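S.K.: The structure follows.
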Protein chains: 4
Amino acid sequence: MKFNLRARLTAEFVGSAFLVAAVVGSGIMGERLSGGNVAIALLANTIATGAALVALILTFGPISGAHLNPAVTLADALERGITWPDALAYIIVQCAGGIAGGIVAHLMFGLRWYSVSTHSRHGWSLVLSEFVATFGLLSVIWGCSRLRSGAVPFAVASYITSAYWFTASTSFANPAVTIARTFSDTFAGIRPSDAPLFIVAQLAGALAATFLFRWLVPNLAAHADHVLVAHPQ
Amino acid sequence: MKFNLRARLTAEFVGSAFLVAAVVGSGIMGERLSGGNVAIALLANTIATGAALVALILTFGPISGAHLNPAVTLADALERGITWPDALAYIIVQCAGGIAGGIVAHLMFGLRWYSVSTHSRHGWSLVLSEFVATFGLLSVIWGCSRLRSGAVPFAVASYITSAYWFTASTSFANPAVTIARTFSDTFAGIRPSDAPLFIVAQLAGALAATFLFRWLVPNLAAHADHVLVAHPQ
Amino acid sequence: MKFNLRARLTAEFVGSAFLVAAVVGSGIMGERLSGGNVAIALLANTIATGAALVALILTFGPISGAHLNPAVTLADALERGITWPDALAYIIVQCAGGIAGGIVAHLMFGLRWYSVSTHSRHGWSLVLSEFVATFGLLSVIWGCSRLRSGAVPFAVASYITSAYWFTASTSFANPAVTIARTFSDTFAGIRPSDAPLFIVAQLAGALAATFLFRWLVPNLAAHADHVLVAHPQ
Amino acid sequence: MKFNLRARLTAEFVGSAFLVAAVVGSGIMGERLSGGNVAIALLANTIATGAALVALILTFGPISGAHLNPAVTLADALERGITWPDALAYIIVQCAGGIAGGIVAHLMFGLRWYSVSTHSRHGWSLVLSEFVATFGLLSVIWGCSRLRSGAVPFAVASYITSAYWFTASTSFANPAVTIARTFSDTFAGIRPSDAPLFIVAQLAGALAATFLFRWLVPNLAAHADHVLVAHPQ
């Protein structure tokens, strides 16, 4: 089934909003309740994020592809799975949706609607972490969507669940989510000055994985427009 | 396969009873064992609730649709997936089953069969939380049941697992469960005076999501009677 | 595919051994590492048991039906899914396998090969818990195996994951596992004098669910010999 | 679809690298954040490893079979699922990939690129643990891949999640991962002098399970070259 651009953008907006609300909201709840044990707060944050990804990709995947991530949209455009004008529109609503989701999370927890994060996340080890995290995410997406598309929601959610713990940056792996998290001075926040390098590393990781899988699974290149699960085009 | 109304109501009763028993019982167990760390108690409560939803929707879905939730039944009636008289009967047995499940949980843990909750949950941020929680729940149900019905049990369970942590109210998102939880002065309880606004917000969230998806996936409106997974009609 | 009785009994033996090894072993590990926080130990025990059930039912289900539980075998025999002589053999190897698994768990953790449990678990609330736990387990099995057999491994594992927390007895729900756990004076143990009432309650719960589903899904009675997932007969 | 050896080896290299990065990285993160509660650190380590396995087997399974484990490759070669020269190449890149993944994990967490582990893991109970762990792993793989290949990613991940807790050794069950973990003096490390017996026990367990399933499911022996899920040959 083919959905028109307005429906697809709505799906990307609502999905990105719920994704950031899940990340930011569960971070607030986890920090409030865990009595100072950061591992327990991060465990709650991890479970909430992974479970949200299962639900959101199953829900919005058939409508918009459930990219919910500019790095995914760019990679898809490179592989001709989405046109460049549509990709640009996707990215804009992903960022807007992410920011909106952060605001909703703040209001649900009785905080001011936004706050600028002071959570420092800098250093080359974190930049490397974001490169690895997004390289892995796009590897999972390309590997599954080309060969086992029904598994994408579970594969992506499982990957992010794992990457929260095996990268030092807790695997943002998403430029729209990174931007939205600069507006939240809570557990999940990131200082605005640290965001640009995170985003550069994410895009570099996404590109590297895309080129690797273009070589690994070449005979599927002709089907690039069917690449993402339930892609509407 | 079509089941008669008596079988379907039995499924809704037993399913709702197990759902509330899982919520209330695991709340009691979590609080007893966690030594005052609320995050660990809520983590146990979350895992028990999410896992119960997978099992219950897989078990009762093919018989009654496994609504187990008046907000879901109302939304389904609006979309002509269930007749209004059947919907009314569903809602009554969901509430009765939920209360029965709470009683069973109390007896399993050696408590008096019921107690009126004194757990205060008031304030606009919690009301907003319930609106968002139920808006998300119905979005997941409509998104998956219209386009990928086999995934509903996993999508709903994952969503609630996440929403326990990203909403400030721990995502009741269910009027029958809300009523049943007023009769339990334990971890999962809610003061009776706080319940009405919770229920209003839940119904408003369910309506908003139903209207959104009626617009998002319009060409499926004609198939509304096949909307919910394994719906018996 | 049909497997001969020797292969099926081997599958039940190995599967029951791994199930008890998972329950007892993870209980020992959880208690050793959790620094006295019982909720964390039980969380580890829960996750290990639920995950083991997914793996074991997927592995041995196609061979023997992966009952791994005398209550399930009895219910299946009542519904003519297995002959009574075969059922008796199943039950004997389930008990033997369970005891063997407990011994292996003890040896892996450097403990004496067996010890008689002194873990008191008595009182009517625990007996009610076991009735409810096994009623729910058989409801899930009958509901899924009659209508969605591929989902049985996930439904059963999810159910037990939940029931560990929502019943006061942590949901033994299995006579063979109950017997095996009397031989382990560790976290998961049960005093031998408490076992008989647990087993009576388990069998009563299994019977009640079997009769309920015989009525709920009557038109499938004729297919009773195909009831359990991938049943070999 | 058939992939050439270079693509398959690349998949094994990248997959093994991510597997070890997940094990080592999440061990470092878990230990840093858990405030000395080893159970919480191991819970994080467990969830990250299990989730990584779901994602990696779904991603690389269709390309190389996603062995990611010399014990699996050897067992597959014994059953004629892979030629011996290819098996040797697989094993070499699995070890190299595993070591590379450990290095990446160290760099992401700002540690020196490698360190020799001083984490003592010796004694017969641990050797027995590794035999049992790998016997179970290969049982799960043979049971599922012969009869329900689509379930392999979930069955293997669930099994390892469980075995982290029910074996005293936290279930390495993989010679390549064992070697890689000797180069990391962190939570997940193992002293080089303890590694050889671990590996011997792993191979013995893998062989035992392979022979058991060769007997249990004999009529599938003729299809041995289709044994592993999505095997490329």
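The chains in the structure tokens are called A, B, ... from first to last as shown; in each chain the residues are counted from 1, and the ligands are counted from 1 in the order shown.
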Find the nearest atom pair between each residue of chain A and chain B for residues within 6 Å, count only C-alpha atoms, give distances in Å to one decimal, sort rows by chain and ascending number, and present the table as CSV.
M.R.:
```
residue,atom,partner,partner_atom,distance
A:Ala7,CA,B:Leu216,CA,5.6
A:Ala22,CA,B:Phe166,CA,5.0
A:Gly25,CA,B:Phe166,CA,4.1
A:Ser26,CA,B:Phe166,CA,4.2
A:Leu33,CA,B:Ala39,CA,4.7
A:Ser34,CA,B:Ala39,CA,4.8
A:Ala48,CA,B:Ser162,CA,4.0
A:Ala51,CA,B:Ser158,CA,4.6
A:Ala52,CA,B:Ser162,CA,5.5
A:Ala55,CA,B:Ala155,CA,4.5
A:Thr59,CA,B:Gly143,CA,4.6
A:Met108,CA,B:Ser125,CA,4.6
A:Phe109,CA,B:Ala168,CA,5.4
A:Gly110,CA,B:Ser125,CA,5.5
```
S.K.: Rounded to one decimal in Å, what is the spacing between atom CA of A:Val24 and atom CA of A:Phe183?
M.R.: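 Atom CA of A:Phe183 lies 10.1 Å from atom CA of A:Val24.
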S.K.: Tell me, as a list of chain:residue names, which residues lie within 7 Å of stretch 190-198 of chain A, counting only C-alpha atoms; anything in the same chain fewer than 2 positions away does not count.
M.R.: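 Final neighbour list, sorted by chain and number: A:Ser117, A:Thr118, A:His119, A:Ser120, A:Arg121, A:His122, A:Val127, A:Glu130, A:Thr178, A:Ile179, A:Arg181, A:Thr182, A:Ala188, A:Val200, A:Ala201, A:Gln202.
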S.K.: Considering only alpha helix (DSSP H) as DSSP defines it on the backbone, what residues of stretch 22-225 of chain D qualify? List them as a VMD selection string.
M.R.: chain D and resid 22 to 33 38 to 64 70 to 78 84 to 108 124 to 147 152 to 166 175 to 181 195 to 216
S.K.: Write a file of the just-selected residues containing C-alpha atoms, as a CSV table (one decimal), in the first residue's frame.
M.R.:
```csv
chain,number,residue,atom,x,y,z
D,22,ALA,CA,29.0,-6.0,23.3
D,23,VAL,CA,30.3,-8.5,25.9
D,24,VAL,CA,33.4,-6.5,26.9
D,25,GLY,CA,31.9,-3.0,26.5
D,26,SER,CA,28.7,-3.7,28.5
D,27,GLY,CA,30.9,-5.4,31.2
D,28,ILE,CA,32.9,-2.2,31.5
D,29,MET,CA,29.8,0.0,31.6
D,30,GLY,CA,28.0,-2.3,34.0
D,31,GLU,CA,30.9,-2.4,36.4
D,32,ARG,CA,31.4,1.4,36.3
D,33,LEU,CA,27.8,2.3,37.0
D,38,VAL,CA,27.8,-7.4,40.8
D,39,ALA,CA,24.3,-8.7,40.2
D,40,ILE,CA,23.3,-5.5,38.6
D,41,ALA,CA,26.5,-5.3,36.5
D,42,LEU,CA,25.9,-8.9,35.3
D,43,LEU,CA,22.2,-8.2,34.6
D,44,ALA,CA,23.3,-5.3,32.3
D,45,ASN,CA,26.0,-7.5,30.7
D,46,THR,CA,23.4,-10.3,30.1
D,47,ILE,CA,20.8,-8.0,28.5
D,48,ALA,CA,23.4,-6.4,26.3
D,49,THR,CA,24.8,-9.8,25.1
D,50,GLY,CA,21.4,-11.4,24.5
D,51,ALA,CA,20.1,-8.4,22.6
D,52,ALA,CA,23.3,-8.2,20.6
D,53,LEU,CA,22.9,-11.8,19.6
D,54,VAL,CA,19.3,-11.2,18.3
D,55,ALA,CA,20.5,-8.3,16.2
D,56,LEU,CA,23.7,-9.9,14.9
D,57,ILE,CA,22.2,-13.3,14.0
D,58,LEU,CA,19.3,-11.6,12.2
D,59,THR,CA,21.7,-9.3,10.3
D,60,PHE,CA,24.5,-11.7,9.4
D,61,GLY,CA,22.6,-15.1,9.4
D,62,PRO,CA,21.5,-14.8,5.8
D,63,ILE,CA,25.0,-14.0,4.6
D,64,SER,CA,27.4,-16.3,6.5
D,70,PRO,CA,34.4,-21.8,16.2
D,71,ALA,CA,32.5,-24.5,18.2
D,72,VAL,CA,29.5,-23.9,15.9
D,73,THR,CA,31.6,-23.9,12.8
D,74,LEU,CA,33.3,-27.1,13.8
D,75,ALA,CA,30.0,-28.8,14.5
D,76,ASP,CA,28.7,-27.6,11.2
D,77,ALA,CA,31.7,-29.0,9.4
D,78,LEU,CA,31.3,-32.4,11.1
D,84,TRP,CA,36.7,-28.0,6.1
D,85,PRO,CA,38.7,-25.3,4.2
D,86,ASP,CA,35.9,-22.8,4.6
D,87,ALA,CA,35.5,-23.8,8.3
D,88,LEU,CA,39.2,-23.1,8.9
D,89,ALA,CA,38.8,-19.7,7.3
D,90,TYR,CA,35.7,-19.0,9.3
D,91,ILE,CA,37.5,-19.8,12.6
D,92,ILE,CA,40.5,-17.6,11.8
D,93,VAL,CA,38.3,-14.6,11.1
D,94,GLN,CA,36.1,-15.2,14.1
D,95,CYS,CA,39.2,-15.1,16.3
D,96,ALA,CA,40.6,-12.0,14.6
D,97,GLY,CA,37.2,-10.3,14.6
D,98,GLY,CA,36.7,-11.1,18.3
D,99,ILE,CA,40.1,-9.6,19.2
D,100,ALA,CA,39.3,-6.5,17.0
D,101,GLY,CA,36.0,-6.1,18.8
D,102,GLY,CA,37.7,-6.1,22.2
D,103,ILE,CA,40.1,-3.4,21.0
D,104,VAL,CA,37.3,-1.2,19.8
D,105,ALA,CA,35.5,-1.7,23.1
D,106,HIS,CA,38.6,-0.6,25.0
D,107,LEU,CA,39.0,2.5,22.8
D,108,MET,CA,35.3,3.5,23.1
D,124,TRP,CA,36.6,-28.0,37.7
D,125,SER,CA,33.2,-26.5,38.4
D,126,LEU,CA,33.9,-23.8,35.8
D,127,VAL,CA,35.1,-26.4,33.3
D,128,LEU,CA,31.9,-28.4,33.8
D,129,SER,CA,30.0,-25.1,33.4
D,130,GLU,CA,31.5,-24.5,30.0
D,131,PHE,CA,30.8,-28.1,28.9
D,132,VAL,CA,27.2,-27.8,29.9
D,133,ALA,CA,26.9,-24.3,28.5
D,134,THR,CA,28.2,-25.3,25.0
D,135,PHE,CA,26.3,-28.6,25.1
D,136,GLY,CA,23.1,-26.6,25.6
D,137,LEU,CA,24.0,-24.0,23.0
D,138,LEU,CA,24.6,-26.6,20.3
D,139,SER,CA,21.5,-28.5,21.3
D,140,VAL,CA,19.5,-25.3,20.8
D,141,ILE,CA,21.1,-24.6,17.4
D,142,TRP,CA,20.7,-28.2,16.1
D,143,GLY,CA,17.2,-28.5,17.5
D,144,CYS,CA,16.0,-25.2,16.0
D,145,SER,CA,18.0,-25.1,12.8
D,146,ARG,CA,16.8,-28.6,11.8
D,147,LEU,CA,13.2,-28.0,12.6
D,152,VAL,CA,17.3,-19.6,15.7
D,153,PRO,CA,18.2,-15.9,16.5
D,154,PHE,CA,15.6,-15.8,19.3
D,155,ALA,CA,16.4,-19.2,20.6
D,156,VAL,CA,20.2,-18.7,20.7
D,157,ALA,CA,19.9,-15.2,22.3
D,158,SER,CA,17.4,-16.5,24.9
D,159,TYR,CA,19.6,-19.5,25.7
D,160,ILE,CA,22.7,-17.4,26.3
D,161,THR,CA,20.8,-14.9,28.3
D,162,SER,CA,19.7,-17.7,30.6
D,163,ALA,CA,23.1,-19.5,30.6
D,164,TYR,CA,24.9,-16.3,31.8
D,165,TRP,CA,23.1,-17.0,35.1
D,166,PHE,CA,22.7,-20.7,35.4
D,175,PRO,CA,36.4,-20.3,21.8
D,176,ALA,CA,36.9,-17.1,19.8
D,177,VAL,CA,35.2,-15.0,22.4
D,178,THR,CA,37.2,-16.7,25.1
D,179,ILE,CA,40.5,-15.9,23.3
D,180,ALA,CA,39.4,-12.3,22.8
D,181,ARG,CA,38.5,-11.9,26.5
D,195,ALA,CA,41.5,-20.2,28.7
D,196,PRO,CA,42.7,-23.5,27.3
D,197,LEU,CA,40.6,-25.7,29.6
D,198,PHE,CA,37.6,-23.5,28.9
D,199,ILE,CA,38.1,-24.1,25.2
D,200,VAL,CA,38.6,-27.8,25.6
D,201,ALA,CA,35.3,-28.0,27.6
D,202,GLN,CA,33.5,-26.0,25.0
D,203,LEU,CA,34.6,-28.2,22.1
D,204,ALA,CA,33.7,-31.3,24.1
D,205,GLY,CA,30.2,-29.9,24.9
D,206,ALA,CA,29.7,-29.0,21.2
D,207,LEU,CA,30.7,-32.5,20.1
D,208,ALA,CA,28.4,-34.2,22.6
D,209,ALA,CA,25.4,-32.2,21.5
D,210,THR,CA,26.1,-32.8,17.9
D,211,PHE,CA,26.2,-36.5,18.3
D,212,LEU,CA,23.1,-36.5,20.5
D,213,PHE,CA,21.1,-34.6,17.8
D,214,ARG,CA,22.5,-36.7,15.0
D,215,TRP,CA,20.8,-39.6,16.8
D,216,LEU,CA,17.7,-37.7,17.9
```
S.K.: Quick one: distance from atom CA of A:Arg112 to atom CA of A:Gly189 in Å, one decimal?
M.R.: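 Atom CA of A:Gly189 lies 14.4 Å from atom CA of A:Arg112.
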S.K.: Measure the distance from atom CA of D:Ala17 to atom CA of D:Leu68 in Å and round it to one decimal.
M.R.: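 Interatomic distance here is 8.9 Å.
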S.K.: Choose the residue, out of D:Ala11, D:Leu111, D:Gly81, D:Val116, that has the smallest atom-to-atom separation from D:Ala66; count only C-alpha atoms.
M.R.: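 Among the listed residues, D:Ala11 lies closest to D:Ala66.
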